[in-house]
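J.: If you scroll down you'll find the structure; I have some questions about it.
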Amino acid sequence: MQYSLTQEVPTDSDDIDALIDSAFGPGRLTRTVHRFRKSVPPMNEYGFVARLEGEMVASIRFWPVVLPCGTTIPMLGPLAVRPEIRGLGIGRALVRKGMDTVRVSGMPAIVIVGDPGYYAPFGFSVEPVQGLDLGGPVVPLTLMGIEYEAGALSGKSGTVEPVPT
Ligand SMILES: CC(C)(COP(=O)(O)OP(=O)(O)OC[C@H]1O[C@@H](n2cnc3c(N)ncnc32)[C@H](O)[C@@H]1OP(=O)(O)O)[C@@H](O)C(=O)NCCC(=O)NCCS
């Protein structure tokens, strides 16, 4: 199956919102991660979409979050792939593309609330974020992180906060 991965553009926004709504349902607005997303836009430089025959079929976004030391880093998510084309590797390709773009841009770390079964193979783990919390529950998912600079997460303790508005 021939699909393309391209940077998200402003005209993708409505289609991405519809995809995310159908993938996660209205419950997503009550999840702790929503507190980071509700008042500020995603980091568009790290947002990618997959297109199949010109149609947007999958999306990855990253939102800015502020570590207790004041450093802003990206939080991965949401990631969603249209149900009819899941299991073809598009989700993994988007994660790799997004993570590579973040790393190359010089960001020191990424955090995520997700399923370790899916994200551990990309290098995410709970170890670097032992001292951090998101100011609310994340179960049944797990807070994980990956460091591109040693100590960027593992040296920190306290609550990760949304970007002030
Ligand atoms: C999770 C999701 C993005 C994966 O997209 P995808 O394009 O199907 O993913 P890929 O094809 O790259 O990978 C599929 C593999 O991931 C596995 N997988 C999917 N969801 C998983 C999960 N939550 N935990 C562990 N493995 C998972 C599949 O079983 C499959 O395994 P296989 O390769 O051994 O058969 C997609 O299922 C989706 O949009 N789900 C709804 C939204 C969601 O849950 N997003 C993630 C939030 S943390």
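Order determines the names: the first chain of the structure tokens is A, the second B, and so forth; residues in each chain are numbered 1 upward, and ligands are numbered 1 upward as they are shown.
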With a distance cut-off of 8 Å and only C-alpha atoms, select the neighbouring residues of Val40 in chain A, excluding the residue or stretch itself and same-chain residues fewer than 3 positions from it, and output the selection as a PDB file with N, CA, C and O atoms, in the first residue's frame.
T.:
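Done, and the output landed in part.pdb:
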```
ATOM      1  N   PHE A  36      -3.100  19.584  28.953  1.00  0.00           N
ATOM      2  CA  PHE A  36      -1.942  20.151  28.254  1.00  0.00           C
ATOM      3  C   PHE A  36      -2.309  20.659  26.863  1.00  0.00           C
ATOM      4  O   PHE A  36      -1.563  21.408  26.254  1.00  0.00           O
ATOM      5  N   ARG A  37      -3.459  20.200  26.369  1.00  0.00           N
ATOM      6  CA  ARG A  37      -3.800  20.477  24.973  1.00  0.00           C
ATOM      7  C   ARG A  37      -4.873  21.532  24.803  1.00  0.00           C
ATOM      8  O   ARG A  37      -5.038  22.055  23.698  1.00  0.00           O
ATOM      9  N   VAL A 163       1.911  24.619  29.072  1.00  0.00           N
ATOM     10  CA  VAL A 163       2.525  25.905  28.734  1.00  0.00           C
ATOM     11  C   VAL A 163       1.581  27.010  29.212  1.00  0.00           C
ATOM     12  O   VAL A 163       0.383  26.969  28.929  1.00  0.00           O
ATOM     13  N   THR A 165      -0.612  30.301  29.442  1.00  0.00           N
ATOM     14  CA  THR A 165      -1.229  31.091  28.354  1.00  0.00           C
ATOM     15  C   THR A 165      -1.385  32.539  28.792  1.00  0.00           C
ATOM     16  O   THR A 165      -1.331  32.844  29.957  1.00  0.00           O
TER      17      THR A 165
END
```
J.: Apply DSSP to the structure's backbone, then extract all residues of range 21-154 of chain A labelled alpha helix (DSSP H) and return them as number ranges by chain.
T.: A: 21-24, 34-37, 90-104, 116-119
J.: With only C-alpha atoms as the counted atoms, please give the residues lying no more than 9 Å from range 43-58 of chain A, apart from itself and same-chain residues fewer than 3 positions off, as an MDAnalysis selection string.
T.: chainID A and resid 1:10 12 15:16 19 61:64 74 79:82 85 90:91 94 97:99 101:102
J.: To check your reading of the model: which residues sit at most 7 Å from ligand 1 when counting only C-alpha atoms and all ligand atoms? Write the answer as number ranges by chain.
T.: A: 23-24, 77-83, 85-93, 113-118
J.: Please, could you write that set of residues out with N, CA, C and O atoms as a JSON list (two decimals), in the first residue's frame?
T.:
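Produced file again_28.json, reproduced below:
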```json
[["chain", "number", "residue", "atom", "x", "y", "z"],
["A", 23, "ALA", "N", -11.39, 8.15, 17.02],
["A", 23, "ALA", "CA", -10.47, 7.15, 17.60],
["A", 23, "ALA", "C", -10.57, 7.10, 19.13],
["A", 23, "ALA", "O", -10.45, 6.03, 19.72],
["A", 24, "PHE", "N", -10.76, 8.23, 19.76],
["A", 24, "PHE", "CA", -10.70, 8.29, 21.23],
["A", 24, "PHE", "C", -12.05, 8.56, 21.89],
["A", 24, "PHE", "O", -12.19, 8.34, 23.09],
["A", 77, "GLY", "N", 1.57, 12.66, 21.07],
["A", 77, "GLY", "CA", 0.17, 12.27, 21.08],
["A", 77, "GLY", "C", -0.73, 13.46, 20.83],
["A", 77, "GLY", "O", -0.32, 14.59, 21.08],
["A", 78, "PRO", "N", -1.90, 13.21, 20.28],
["A", 78, "PRO", "CA", -2.42, 11.89, 19.96],
["A", 78, "PRO", "C", -1.87, 11.32, 18.64],
["A", 78, "PRO", "O", -1.45, 12.06, 17.77],
["A", 79, "LEU", "N", -1.90, 9.98, 18.60],
["A", 79, "LEU", "CA", -1.58, 9.22, 17.40],
["A", 79, "LEU", "C", -2.83, 8.44, 17.03],
["A", 79, "LEU", "O", -3.39, 7.75, 17.88],
["A", 80, "ALA", "N", -3.26, 8.56, 15.82],
["A", 80, "ALA", "CA", -4.46, 7.80, 15.40],
["A", 80, "ALA", "C", -4.36, 7.43, 13.93],
["A", 80, "ALA", "O", -3.89, 8.21, 13.10],
["A", 81, "VAL", "N", -4.81, 6.22, 13.66],
["A", 81, "VAL", "CA", -4.84, 5.67, 12.30],
["A", 81, "VAL", "C", -6.28, 5.22, 12.03],
["A", 81, "VAL", "O", -6.92, 4.63, 12.91],
["A", 82, "ARG", "N", -6.79, 5.52, 10.87],
["A", 82, "ARG", "CA", -8.17, 5.09, 10.53],
["A", 82, "ARG", "C", -8.31, 3.58, 10.70],
["A", 82, "ARG", "O", -7.43, 2.81, 10.27],
["A", 83, "PRO", "N", -9.41, 3.14, 11.31],
["A", 83, "PRO", "CA", -9.57, 1.72, 11.65],
["A", 83, "PRO", "C", -9.35, 0.76, 10.48],
["A", 83, "PRO", "O", -8.74, -0.30, 10.64],
["A", 85, "ILE", "N", -7.37, 0.77, 8.07],
["A", 85, "ILE", "CA", -6.00, 0.57, 7.58],
["A", 85, "ILE", "C", -5.01, 0.38, 8.73],
["A", 85, "ILE", "O", -3.81, 0.62, 8.57],
["A", 86, "ARG", "N", -5.51, -0.05, 9.89],
["A", 86, "ARG", "CA", -4.60, -0.35, 11.00],
["A", 86, "ARG", "C", -3.86, -1.66, 10.75],
["A", 86, "ARG", "O", -4.34, -2.52, 10.00],
["A", 87, "GLY", "N", -2.71, -1.80, 11.40],
["A", 87, "GLY", "CA", -1.94, -3.04, 11.29],
["A", 87, "GLY", "C", -1.04, -3.10, 10.07],
["A", 87, "GLY", "O", -0.47, -4.15, 9.77],
["A", 88, "LEU", "N", -0.89, -1.99, 9.37],
["A", 88, "LEU", "CA", -0.07, -1.97, 8.15],
["A", 88, "LEU", "C", 1.26, -1.25, 8.36],
["A", 88, "LEU", "O", 2.02, -1.04, 7.42],
["A", 89, "GLY", "N", 1.50, -0.82, 9.60],
["A", 89, "GLY", "CA", 2.78, -0.16, 9.89],
["A", 89, "GLY", "C", 2.73, 1.36, 9.80],
["A", 89, "GLY", "O", 3.76, 2.03, 9.99],
["A", 90, "ILE", "N", 1.56, 1.91, 9.51],
["A", 90, "ILE", "CA", 1.47, 3.37, 9.36],
["A", 90, "ILE", "C", 1.68, 4.07, 10.70],
["A", 90, "ILE", "O", 2.38, 5.09, 10.79],
["A", 91, "GLY", "N", 1.11, 3.50, 11.77],
["A", 91, "GLY", "CA", 1.30, 4.09, 13.10],
["A", 91, "GLY", "C", 2.77, 4.15, 13.48],
["A", 91, "GLY", "O", 3.29, 5.19, 13.88],
["A", 92, "ARG", "N", 3.46, 3.03, 13.29],
["A", 92, "ARG", "CA", 4.90, 2.99, 13.64],
["A", 92, "ARG", "C", 5.70, 3.96, 12.77],
["A", 92, "ARG", "O", 6.61, 4.62, 13.25],
["A", 93, "ALA", "N", 5.35, 4.05, 11.50],
["A", 93, "ALA", "CA", 6.08, 4.96, 10.61],
["A", 93, "ALA", "C", 5.89, 6.41, 11.06],
["A", 93, "ALA", "O", 6.84, 7.21, 11.04],
["A", 113, "VAL", "N", 2.07, 9.67, 27.26],
["A", 113, "VAL", "CA", 1.16, 8.82, 28.03],
["A", 113, "VAL", "C", 0.63, 7.81, 27.03],
["A", 113, "VAL", "O", -0.08, 8.18, 26.08],
["A", 114, "GLY", "N", 1.00, 6.56, 27.20],
["A", 114, "GLY", "CA", 0.61, 5.56, 26.22],
["A", 114, "GLY", "C", 0.73, 4.15, 26.75],
["A", 114, "GLY", "O", 0.95, 3.93, 27.94],
["A", 115, "ASP", "N", 0.61, 3.23, 25.82],
["A", 115, "ASP", "CA", 0.68, 1.81, 26.15],
["A", 115, "ASP", "C", 2.13, 1.34, 25.94],
["A", 115, "ASP", "O", 2.64, 1.41, 24.82],
["A", 116, "PRO", "N", 2.79, 0.87, 27.00],
["A", 116, "PRO", "CA", 4.18, 0.43, 26.85],
["A", 116, "PRO", "C", 4.35, -0.64, 25.78],
["A", 116, "PRO", "O", 5.39, -0.71, 25.11],
["A", 117, "GLY", "N", 3.33, -1.47, 25.59],
["A", 117, "GLY", "CA", 3.43, -2.53, 24.59],
["A", 117, "GLY", "C", 3.67, -1.96, 23.20],
["A", 117, "GLY", "O", 4.34, -2.57, 22.37],
["A", 118, "TYR", "N", 3.12, -0.79, 22.95],
["A", 118, "TYR", "CA", 3.30, -0.17, 21.63],
["A", 118, "TYR", "C", 4.54, 0.71, 21.58],
["A", 118, "TYR", "O", 5.26, 0.73, 20.56]]
```
J.: So what do you get for CA of Pro137 in chain A versus CA of Thr30 in chain A, distance-wise?
T.: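 Separating CA of Pro137 in chain A from CA of Thr30 in chain A is a distance of 10.6 Å.
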J.: Could you work out how far CA of Val66 in chain A lies from CA of Glu161 in chain A, giving the answer in Å with one decimal?
T.: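 According to the coordinates, CA of Glu161 in chain A and CA of Val66 in chain A are separated by 5.1 Å.
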